[in-house]
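Trainee: Sending over a structure as structure tokens; questions will come in a sec.
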Amino acid sequence: MDYARFIRLRRPLWDAFDGELAAARGMRNVGYDGLEEMALRYRQVLHDHALAAARFPGTAAARRLQALALAGTRRLTGEGRRRTGAVAFFLRTFPAAFQRQRDLILIALALFLLGALWGLAMAVLRPELGLLFLGPDAVRGLEEGRLWTESLVTTVPPSVSSSGIATNNITVALTSWGGGVLAGLVPLYIVLFNGLLLGAVVGVTLHYSMAGELLRFIAAHGILELTLILICSAAGLGIGRALVAAGDVPRPLALRAATRDALAVLLGCLPWFLVLALVEVFVSPSPEIPAGAKLVLGLALEGAFLALALRPVSLEPTDD
Amino acid sequence: MSEIRRESILGLDNIRLDLPIAGIGSRSLAAFLDYLVVMALAFLWVFLVGLLMARLTPAWAPALVIVGWFLLEWGYFAGMEVATGGRTLGKMAVKLRVVTAEGGTPGPGALLARNLVRSLDLIFGVLLMVLDPLSRRLGDRLGGTVVVHDRPPEAAPVLGRVPPGWGPRELALVEAFLARAGGMDDMAATWEMADRILDRLRRDAPELLEGLDTRNDPIGSIRRALQAEG
């Protein structure tokens, strides 16, 4: 077919497809019939593009067809927008992803406990090393019988400290999660270091006979907070594992699959950080609330989270 | 557009599609513009909170600033890309777009994932983009996305009549010439090129030039002889 004839015959089709693409901006106003027609035209445009690219490369028609084929591909293929409601996400997608990552979470927990034991041993056997973790101000406070956590609420209004705490914790979780892409090194570091830090801090406060105070302070928010950080880190480890040991599938595919689960886990954890920030500011430092009540609250929060995460759901990876 | 690096993918019916991959230059420019926008928004936010301060209790203003900055830092890129199907203001300005590795529209999950590792990519991204033929940074690998040039289909003149013996090279050249003839500064050079095209036409298909005023209006003559449209 010669160039002029090709254009004469096919151009109305291209113009129509171009117009359809422009009209169907968000694809929301396209009905079933319209979509079917569009898909048919897309296919014809794609074939014309193949012909033009082979027979008339570089011509205006070939360039236009290439642009049309790309625009049509972008519009008609791809992941689109799946509308998973928030409720369905928290009740099904999140628990399934969480449970698929159970082994990773256990690994993260083991590493964390290892770090904590190490830090505790260090702080008990060599208190001067443990002091390095806290800094001089906190140590001076301990010597005077005060926890550094008191300044958290006495110096700034609660709205400020709670938003600061929430954003800070979320940032740690996001960094640990995203850092998984560096072969899992960042979540590994965050898990081990946080374990070490907690162990060392408990050890130092033991040294000053303040450990009870500290545990009373963290009872309400600490359990779930550590759980969430560990879970987000475990998701990051999952990304790292897909990168290092992809298994039977090509690495890009393994990475994408791991990312999907990891993202669901992360998104499921984020709202809890907000709850925890409020608890950490209003409940944890309050001397009126008895330690037992704080512990009950902490365990209740943890229980609520785990009950949601461990809900019996189908673990088969679905499209949503 | 031949200067743009293209990466072939197989589309529907195994038809080859060439994705116009955006290189490090245009992407850096888009990112720079986006960070300018983020900075401007952050200042604007602080300014707004400052204005509202009079009506708020002093405790809430810093909290609002902290939360706003956090949302901007982590949410601007992902939010914009999810809302527009893969474009931020910077990408719109440089005419770029995020697509899946298959050339489709990425879903919210992929767009979120590619933007959650942005802080790491500020360190490693440039090096990775230089090394990768698809110019992917860490986030692109996580989300399975690539960034491509996004130019609307151009309305260029198309020849309606083809002289015998002309192949795609001649056609492309004459079409490109007609598309740009009006915008060229050097009239003498334009007319010289038109003359050379007319010479070819006289040799290959003199009947097409019959009745046309090739001396005074060479460009118009070419246009009419080849029935160029658009």
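Residue numbering restarts at 1 for every chain of the structure tokens, chains are lettered A, B, ... in their displayed order, and ligands are numbered from 1 as they appear.
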List every residue of chain B that DSSP, applied to the backbone of this structure, places in helix (DSSP H, G or I), and write the result as a PyMOL selection string.

Mentor: chain B and resi 12-14+24-52+60-84+89-94+108-116+118-131+138-143+168-181+187-204+206-209+218-225

Trainee: Within 9 Å of Ala225 (chain B), counting only C-alpha atoms, which residues show up once you throw out same-chain ones fewer than 6 positions away? Write them as number ranges by chain, please.

Mentor: B: 161, 201, 208-210, 212

Trainee: Can you pull out every residue within 12 Å of Ala181 (chain B), counting only C-alpha atoms, but drop anything in the same chain fewer than 5 positions away, and send it as a PDB file with N, CA, C and O atoms, in the first residue's frame?

Mentor:
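That gives us part_34.pdb:
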ATOM      1  N   ALA B 156       1.146  17.255  12.310  1.00  0.00           N
ATOM      2  CA  ALA B 156       2.125  17.674  11.311  1.00  0.00           C
ATOM      3  C   ALA B 156       1.516  17.524   9.924  1.00  0.00           C
ATOM      4  O   ALA B 156       0.591  16.736   9.736  1.00  0.00           O
ATOM      5  N   PRO B 157       2.021  18.292   8.934  1.00  0.00           N
ATOM      6  CA  PRO B 157       1.501  18.128   7.567  1.00  0.00           C
ATOM      7  C   PRO B 157       1.758  16.710   7.071  1.00  0.00           C
ATOM      8  O   PRO B 157       2.800  16.127   7.339  1.00  0.00           O
ATOM      9  N   LEU B 173      11.394  13.826   4.955  1.00  0.00           N
ATOM     10  CA  LEU B 173      12.120  15.085   4.812  1.00  0.00           C
ATOM     11  C   LEU B 173      11.196  16.211   4.353  1.00  0.00           C
ATOM     12  O   LEU B 173      11.189  17.312   4.926  1.00  0.00           O
ATOM     13  N   VAL B 174      10.380  15.928   3.349  1.00  0.00           N
ATOM     14  CA  VAL B 174       9.494  16.974   2.837  1.00  0.00           C
ATOM     15  C   VAL B 174       8.461  17.364   3.897  1.00  0.00           C
ATOM     16  O   VAL B 174       8.160  18.545   4.093  1.00  0.00           O
ATOM     17  N   GLU B 175       7.944  16.352   4.633  1.00  0.00           N
ATOM     18  CA  GLU B 175       6.969  16.660   5.683  1.00  0.00           C
ATOM     19  C   GLU B 175       7.592  17.525   6.769  1.00  0.00           C
ATOM     20  O   GLU B 175       6.986  18.500   7.236  1.00  0.00           O
ATOM     21  N   ALA B 176       8.827  17.161   7.159  1.00  0.00           N
ATOM     22  CA  ALA B 176       9.491  17.954   8.192  1.00  0.00           C
ATOM     23  C   ALA B 176       9.740  19.374   7.675  1.00  0.00           C
ATOM     24  O   ALA B 176       9.575  20.352   8.406  1.00  0.00           O
ATOM     25  N   ASP B 186      15.886  32.007   8.485  1.00  0.00           N
ATOM     26  CA  ASP B 186      16.706  32.291   7.313  1.00  0.00           C
ATOM     27  C   ASP B 186      15.893  32.031   6.039  1.00  0.00           C
ATOM     28  O   ASP B 186      15.778  30.908   5.574  1.00  0.00           O
ATOM     29  N   MET B 187      15.303  33.092   5.489  1.00  0.00           N
ATOM     30  CA  MET B 187      14.454  32.940   4.302  1.00  0.00           C
ATOM     31  C   MET B 187      15.236  32.361   3.132  1.00  0.00           C
ATOM     32  O   MET B 187      14.731  31.516   2.389  1.00  0.00           O
ATOM     33  N   ALA B 188      16.486  32.834   2.960  1.00  0.00           N
ATOM     34  CA  ALA B 188      17.281  32.377   1.809  1.00  0.00           C
ATOM     35  C   ALA B 188      17.482  30.865   1.876  1.00  0.00           C
ATOM     36  O   ALA B 188      17.299  30.147   0.889  1.00  0.00           O
ATOM     37  N   ALA B 189      17.813  30.392   3.074  1.00  0.00           N
ATOM     38  CA  ALA B 189      18.049  28.949   3.225  1.00  0.00           C
ATOM     39  C   ALA B 189      16.754  28.183   2.985  1.00  0.00           C
ATOM     40  O   ALA B 189      16.765  27.118   2.356  1.00  0.00           O
ATOM     41  N   THR B 190      15.649  28.732   3.481  1.00  0.00           N
ATOM     42  CA  THR B 190      14.360  28.068   3.289  1.00  0.00           C
ATOM     43  C   THR B 190      14.064  27.910   1.800  1.00  0.00           C
ATOM     44  O   THR B 190      13.677  26.845   1.330  1.00  0.00           O
ATOM     45  N   TRP B 191      14.260  29.007   1.067  1.00  0.00           N
ATOM     46  CA  TRP B 191      13.956  28.954  -0.372  1.00  0.00           C
ATOM     47  C   TRP B 191      14.910  28.038  -1.104  1.00  0.00           C
ATOM     48  O   TRP B 191      14.524  27.360  -2.048  1.00  0.00           O
ATOM     49  N   GLU B 192      16.156  27.972  -0.636  1.00  0.00           N
ATOM     50  CA  GLU B 192      17.114  27.092  -1.291  1.00  0.00           C
ATOM     51  C   GLU B 192      16.685  25.636  -1.123  1.00  0.00           C
ATOM     52  O   GLU B 192      16.710  24.851  -2.074  1.00  0.00           O
ATOM     53  N   MET B 193      16.259  25.321   0.095  1.00  0.00           N
ATOM     54  CA  MET B 193      15.787  23.948   0.316  1.00  0.00           C
ATOM     55  C   MET B 193      14.549  23.659  -0.519  1.00  0.00           C
ATOM     56  O   MET B 193      14.423  22.585  -1.115  1.00  0.00           O
ATOM     57  N   ALA B 194      13.644  24.649  -0.579  1.00  0.00           N
ATOM     58  CA  ALA B 194      12.431  24.462  -1.380  1.00  0.00           C
ATOM     59  C   ALA B 194      12.805  24.197  -2.835  1.00  0.00           C
ATOM     60  O   ALA B 194      12.212  23.330  -3.497  1.00  0.00           O
ATOM     61  N   PRO B 218       7.481  29.031  -3.869  1.00  0.00           N
ATOM     62  CA  PRO B 218       7.956  27.636  -3.939  1.00  0.00           C
ATOM     63  C   PRO B 218       7.343  26.749  -2.840  1.00  0.00           C
ATOM     64  O   PRO B 218       6.978  25.606  -3.103  1.00  0.00           O
ATOM     65  N   ILE B 219       7.213  27.300  -1.619  1.00  0.00           N
ATOM     66  CA  ILE B 219       6.728  26.449  -0.527  1.00  0.00           C
ATOM     67  C   ILE B 219       5.264  26.073  -0.757  1.00  0.00           C
ATOM     68  O   ILE B 219       4.862  24.911  -0.624  1.00  0.00           O
ATOM     69  N   GLY B 220       4.474  27.073  -1.155  1.00  0.00           N
ATOM     70  CA  GLY B 220       3.072  26.813  -1.464  1.00  0.00           C
ATOM     71  C   GLY B 220       2.932  25.820  -2.606  1.00  0.00           C
ATOM     72  O   GLY B 220       2.018  24.988  -2.627  1.00  0.00           O
ATOM     73  N   ILE B 222       5.000  23.393  -3.408  1.00  0.00           N
ATOM     74  CA  ILE B 222       5.267  22.031  -2.922  1.00  0.00           C
ATOM     75  C   ILE B 222       4.034  21.518  -2.191  1.00  0.00           C
ATOM     76  O   ILE B 222       3.582  20.386  -2.389  1.00  0.00           O
ATOM     77  N   ARG B 223       3.494  22.388  -1.358  1.00  0.00           N
ATOM     78  CA  ARG B 223       2.333  22.011  -0.566  1.00  0.00           C
ATOM     79  C   ARG B 223       1.180  21.553  -1.467  1.00  0.00           C
ATOM     80  O   ARG B 223       0.566  20.515  -1.245  1.00  0.00           O
TER      81      ARG B 223
END

Trainee: Just the number, please: distance in Å from CA of Gly135 (chain A) to CA of Ala211 (chain A), one decimal.

Mentor: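 If I compute the distance from CA of Gly135 (chain A) to CA of Ala211 (chain A), I get 17.2 Å.
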
Trainee: Mind dumping a table of every chain A residue within 8 Å of chain B, with the nearest atom pair and its distance in Å to one decimal, using only C-alpha atoms, sorted by chain and rising number, as a Markdown table?

Mentor:
| residue | atom | partner | partner_atom | distance |
| --- | --- | --- | --- | --- |
| A:Asp2 | CA | B:Val162 | CA | 7.9 |
| A:Tyr3 | CA | B:Val162 | CA | 7.0 |
| A:Ala4 | CA | B:Gly160 | CA | 4.9 |
| A:Arg5 | CA | B:Gly160 | CA | 7.8 |
| A:Ile7 | CA | B:Gly160 | CA | 7.5 |
| A:Arg8 | CA | B:Gly160 | CA | 7.4 |
| A:Arg43 | CA | B:Leu12 | CA | 7.7 |
| A:Leu46 | CA | B:Ile15 | CA | 7.2 |
| A:His47 | CA | B:Ile15 | CA | 7.4 |
| A:Ala50 | CA | B:Ile15 | CA | 6.4 |
| A:Arg55 | CA | B:Pro168 | CA | 7.3 |
| A:Phe56 | CA | B:Pro168 | CA | 4.7 |
| A:Pro57 | CA | B:Pro168 | CA | 6.1 |
| A:Gly58 | CA | B:Ala172 | CA | 5.6 |
| A:Thr59 | CA | B:Ala172 | CA | 4.1 |
| A:Ala60 | CA | B:Ala156 | CA | 6.0 |
| A:Ala61 | CA | B:Val158 | CA | 6.7 |
| A:Arg63 | CA | B:Pro153 | CA | 7.9 |
| A:Arg64 | CA | B:Pro153 | CA | 5.4 |
| A:Leu65 | CA | B:Pro153 | CA | 7.9 |
| A:Gln66 | CA | B:Leu17 | CA | 7.6 |
| A:Ala67 | CA | B:Pro153 | CA | 5.1 |
| A:Leu68 | CA | B:Pro153 | CA | 6.1 |
| A:Ala69 | CA | B:Leu17 | CA | 7.7 |
| A:Leu70 | CA | B:Gly103 | CA | 7.1 |
| A:Thr73 | CA | B:Gly104 | CA | 5.7 |
| A:Arg74 | CA | B:Gly104 | CA | 3.8 |
| A:Arg75 | CA | B:Thr105 | CA | 6.4 |
| A:Leu76 | CA | B:Gly104 | CA | 7.1 |
| A:Thr77 | CA | B:Gly104 | CA | 4.8 |
| A:Gly78 | CA | B:Gly104 | CA | 3.9 |
| A:Glu79 | CA | B:Gly107 | CA | 4.8 |
| A:Gly80 | CA | B:Gly107 | CA | 5.1 |
| A:Arg81 | CA | B:Gly107 | CA | 5.5 |
| A:Arg82 | CA | B:Gly107 | CA | 7.6 |
| A:Pro157 | CA | B:Ala59 | CA | 5.6 |
| A:Pro158 | CA | B:Ala59 | CA | 7.7 |
| A:Ser159 | CA | B:Ala63 | CA | 5.8 |
| A:Val160 | CA | B:Ala63 | CA | 4.4 |
| A:Ser161 | CA | B:Ala63 | CA | 7.8 |
| A:Ser163 | CA | B:Ala63 | CA | 5.7 |
| A:Gly164 | CA | B:Ile66 | CA | 6.6 |
| A:Thr167 | CA | B:Phe70 | CA | 6.6 |
| A:Leu174 | CA | B:Leu116 | CA | 7.1 |
| A:Thr175 | CA | B:Val117 | CA | 7.6 |
| A:Gly178 | CA | B:Val117 | CA | 4.9 |
| A:Gly179 | CA | B:Val117 | CA | 7.2 |
| A:Val181 | CA | B:Leu138 | CA | 7.2 |
| A:Pro252 | CA | B:Arg141 | CA | 7.0 |
| A:Leu255 | CA | B:Leu142 | CA | 6.2 |
| A:Arg256 | CA | B:Leu142 | CA | 5.9 |
| A:Thr259 | CA | B:Leu142 | CA | 6.3 |
| A:Arg260 | CA | B:Gly109 | CA | 7.1 |
| A:Leu263 | CA | B:Ala113 | CA | 6.9 |

Trainee: Measure the distance from CA of Arg126 (chain A) to CA of Glu144 (chain A) in Å and round it to one decimal.

Mentor: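 Those two atoms sit 20.7 Å apart.
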
Trainee: B:Leu41, B:Ile197, B:Ile123, B:Val148: which is nearest Thr214 (chain B), counting only C-alpha atoms?

Mentor: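 Between B:Leu41, B:Ile197, B:Ile123, B:Val148, the residue approaching Thr214 (chain B) most closely is B:Ile197.
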
Trainee: When you look at Cys232 (chain A) with a cut-off of 6 Å (counting only C-alpha atoms), what residues show up, excluding the ones that are within fewer than 5 positions of it in the same chain? I need them as a list in words.

Mentor: Ala173, Trp177 and Leu266 of chain A

Trainee: Can I get the selected residues back with all heavy atoms, as an mmCIF file, in the first residue's frame?

Mentor:
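Written file, part25.cif:
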data_model
loop_
_atom_site.group_PDB
_atom_site.id
_atom_site.type_symbol
_atom_site.label_atom_id
_atom_site.label_comp_id
_atom_site.auth_asym_id
_atom_site.auth_seq_id
_atom_site.Cartn_x
_atom_site.Cartn_y
_atom_site.Cartn_z
ATOM 1 N N ALA A 173 9.422 4.576 60.709
ATOM 2 C CA ALA A 173 8.816 3.410 60.061
ATOM 3 C C ALA A 173 8.982 3.480 58.540
ATOM 4 O O ALA A 173 9.352 2.491 57.905
ATOM 5 C CB ALA A 173 7.339 3.323 60.427
ATOM 6 N N TRP A 177 11.133 0.997 56.241
ATOM 7 C CA TRP A 177 10.424 0.294 55.165
ATOM 8 C C TRP A 177 11.138 0.503 53.839
ATOM 9 O O TRP A 177 11.514 -0.437 53.153
ATOM 10 C CB TRP A 177 8.998 0.835 55.091
ATOM 11 C CG TRP A 177 8.118 0.124 54.132
ATOM 12 C CD1 TRP A 177 7.313 -0.922 54.405
ATOM 13 C CD2 TRP A 177 7.933 0.427 52.746
ATOM 14 N NE1 TRP A 177 6.644 -1.297 53.272
ATOM 15 C CE2 TRP A 177 7.006 -0.499 52.244
ATOM 16 C CE3 TRP A 177 8.465 1.368 51.876
ATOM 17 C CZ2 TRP A 177 6.588 -0.497 50.929
ATOM 18 C CZ3 TRP A 177 8.069 1.374 50.555
ATOM 19 C CH2 TRP A 177 7.128 0.449 50.095
ATOM 20 N N LEU A 266 2.541 -1.675 55.531
ATOM 21 C CA LEU A 266 2.894 -0.312 55.977
ATOM 22 C C LEU A 266 1.649 0.557 56.141
ATOM 23 O O LEU A 266 1.461 1.227 57.159
ATOM 24 C CB LEU A 266 3.841 0.326 54.965
ATOM 25 C CG LEU A 266 4.241 1.763 55.267
ATOM 26 C CD1 LEU A 266 5.281 1.780 56.373
ATOM 27 C CD2 LEU A 266 4.775 2.467 54.046
#

Trainee: Find the distance between CA of Leu230 (chain A) and CA of Tyr208 (chain A) and write it in Å to one decimal.

Mentor: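 CA of Tyr208 (chain A) lies 28.4 Å from CA of Leu230 (chain A).
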